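The structure appears right after this line, and notes come after that.
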Amino acid sequence: MSVNGTAEQKYVEISLITFPTTTKDILASEDELLPFAQAIADYWQPLKTWTPIALTLSQNGLSFTMVTAALLFATVIINIYEKRRGRNAKTRAYQKLSKTDQQLMDAIQKTEKPTLTSIGSTYESITHGKANPETLYQELERAERAGLISREIISQQDEPMQVWKTRFDSLQRRQ
C-alpha cells in the first residue's frame, strides 16, 4: 500500500466466526470452518512471499535502475576499449609481417569482394608476379590462425561465397 508516496506493508487478519450452542458443536464447527480457513490461507500465501520483494523494488526502483545503467555503460566502455586494443595489437602484428605477407593483407583490404580468385588477382597486380591458388589459400589459412583475417560466408545473388576480411585498422588510417 502506498501512503504519502511511501510504500508500506500492511497485515490482514481474517476471522471465521461461528456460534456453537454446545461443546459438541465446537468440534463440528472447527471441522466445518477448517477447509475455508485453509483455502483463504493458501490464497494469500503467494502474496505474502512476494510482498517483501515487491516492496523492495518499489522503494528502490530508481536506485536499481541507476546501478544497472551504470554497469551497462561500464561494460560497453570496457568492450569498446578491449576491441580497440585488440585491433591495435593486430595492426602492430601486421607491421611486423614480412613484405610478401603485408602485400597479401593489402590485397585482401583492396579487394571489393575478397574471394580466393579476386584476392589472387589483386595480389598479382600488387606484386607484379604470379600467385599459385594453393599457396595463396595456405597463406590465408595461416593468417587466419594468427588472427589477422577472418573467413566468412556471404550470399551473392543467392549463391554462397567464401570471403576473407582483415581484422585490423585499414591501410588508409595508418598512412
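Residues are named by chain letter and number: chains run A, B, ... in the order of the C-alpha cells, numbers start at 1 in each chain, and ligands are numbered from 1 in the order shown.
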
Name all residues at most 8 Å from A:Ile126 (count only C-alpha atoms; drop same-chain ones fewer than 4 positions away) and give them as a CSV table (one decimal) with N, CA and C atoms, in the first residue's frame.
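around.csv, freshly written:
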```
chain,number,residue,atom,x,y,z
A,103,GLN,N,51.8,-7.6,-48.3
A,103,GLN,CA,51.2,-7.4,-49.6
A,103,GLN,C,49.9,-8.3,-49.7
A,107,ALA,N,46.3,-6.9,-50.3
A,107,ALA,CA,45.4,-7.3,-51.4
A,107,ALA,C,44.0,-7.7,-50.9
A,122,THR,N,44.3,-9.3,-57.3
A,122,THR,CA,44.8,-8.1,-56.6
A,122,THR,C,46.2,-8.3,-56.2
```

May I have all residues of chain A that DSSP, computed from the backbone, assigns to strand (DSSP E), given as an mmCIF file with N, CA and C atoms, in the first residue's frame?
```cif
data_model
loop_
_atom_site.group_PDB
_atom_site.id
_atom_site.type_symbol
_atom_site.label_atom_id
_atom_site.label_comp_id
_atom_site.auth_asym_id
_atom_site.auth_seq_id
_atom_site.Cartn_x
_atom_site.Cartn_y
_atom_site.Cartn_z
ATOM 1 N N SER A 2 0.492 2.268 -0.713
ATOM 2 C CA SER A 2 1.274 3.490 -0.806
ATOM 3 C C SER A 2 0.595 4.589 0.007
ATOM 4 N N VAL A 3 1.341 5.139 0.960
ATOM 5 C CA VAL A 3 0.837 6.223 1.798
ATOM 6 C C VAL A 3 1.842 7.368 1.725
ATOM 7 N N THR A 6 5.098 6.724 -0.025
ATOM 8 C CA THR A 6 5.978 5.717 0.563
ATOM 9 C C THR A 6 5.236 4.385 0.616
ATOM 10 N N ALA A 7 5.918 3.343 0.225
ATOM 11 C CA ALA A 7 5.308 2.018 0.268
ATOM 12 C C ALA A 7 5.362 1.490 1.687
ATOM 13 N N ILE A 149 43.131 -12.195 -40.142
ATOM 14 C CA ILE A 149 41.976 -12.152 -41.041
ATOM 15 C C ILE A 149 40.933 -13.128 -40.522
ATOM 16 N N SER A 150 39.721 -12.980 -41.028
ATOM 17 C CA SER A 150 38.662 -13.928 -40.673
ATOM 18 C C SER A 150 37.956 -14.363 -41.954
ATOM 19 N N ARG A 151 37.457 -15.586 -41.924
ATOM 20 C CA ARG A 151 36.766 -16.172 -43.063
ATOM 21 C C ARG A 151 35.266 -16.051 -42.818
ATOM 22 N N GLU A 152 34.544 -15.646 -43.839
ATOM 23 C CA GLU A 152 33.096 -15.507 -43.728
ATOM 24 C C GLU A 152 32.431 -16.084 -44.967
ATOM 25 N N ILE A 153 31.182 -16.472 -44.807
ATOM 26 C CA ILE A 153 30.371 -16.926 -45.938
ATOM 27 C C ILE A 153 29.328 -15.838 -46.184
ATOM 28 N N ILE A 154 29.298 -15.314 -47.399
ATOM 29 C CA ILE A 154 28.311 -14.300 -47.760
ATOM 30 C C ILE A 154 27.445 -14.847 -48.889
ATOM 31 N N SER A 155 26.336 -14.188 -49.144
ATOM 32 C CA SER A 155 25.444 -14.597 -50.234
ATOM 33 C C SER A 155 25.481 -13.532 -51.313
ATOM 34 N N GLN A 156 25.822 -13.958 -52.504
ATOM 35 C CA GLN A 156 25.818 -13.040 -53.641
ATOM 36 C C GLN A 156 24.901 -13.643 -54.698
ATOM 37 N N GLU A 159 23.877 -17.166 -54.029
ATOM 38 C CA GLU A 159 24.947 -18.156 -54.110
ATOM 39 C C GLU A 159 25.899 -17.925 -52.932
ATOM 40 N N PRO A 160 26.199 -18.968 -52.153
ATOM 41 C CA PRO A 160 27.141 -18.787 -51.042
ATOM 42 C C PRO A 160 28.554 -18.557 -51.577
ATOM 43 N N MET A 161 29.277 -17.673 -50.891
ATOM 44 C CA MET A 161 30.615 -17.321 -51.343
ATOM 45 C C MET A 161 31.504 -17.140 -50.105
ATOM 46 N N GLN A 162 32.677 -17.735 -50.132
ATOM 47 C CA GLN A 162 33.627 -17.591 -49.031
ATOM 48 C C GLN A 162 34.514 -16.393 -49.297
ATOM 49 N N VAL A 163 34.594 -15.495 -48.299
ATOM 50 C CA VAL A 163 35.441 -14.308 -48.418
ATOM 51 C C VAL A 163 36.298 -14.187 -47.163
ATOM 52 N N TRP A 164 37.349 -13.382 -47.260
ATOM 53 C CA TRP A 164 38.217 -13.112 -46.124
ATOM 54 C C TRP A 164 38.205 -11.616 -45.857
ATOM 55 N N LYS A 165 38.278 -11.266 -44.581
ATOM 56 C CA LYS A 165 38.322 -9.865 -44.195
ATOM 57 C C LYS A 165 39.425 -9.680 -43.172
ATOM 58 N N THR A 166 40.103 -8.543 -43.267
ATOM 59 C CA THR A 166 41.162 -8.252 -42.305
ATOM 60 C C THR A 166 40.544 -7.847 -40.979
#
```

For this session: Between atom CA of A:Leu116 and atom CA of A:Arg87, measure the distance and give it in Å to one decimal.
Result: 23.7 Å

Residue contacts of stretch 27-36 of chain A (9 Å, only C-alpha atoms) excluding same-chain residues fewer than 5 positions away, as a compact mmCIF listing (two decimals) with C-alpha atoms, in the first residue's frame:
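Written output follows (result-v1.txt):
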```
# COMPACT_ATOMS: atom_id res chain seq x y z
CA LEU A 16 -14.14 -17.01 10.62
CA ILE A 17 -16.86 -16.93 13.26
CA THR A 18 -19.42 -19.49 14.25
CA PHE A 19 -21.72 -19.57 17.25
CA PRO A 20 -21.85 -23.10 18.67
CA ALA A 41 -4.52 -19.06 3.80
```
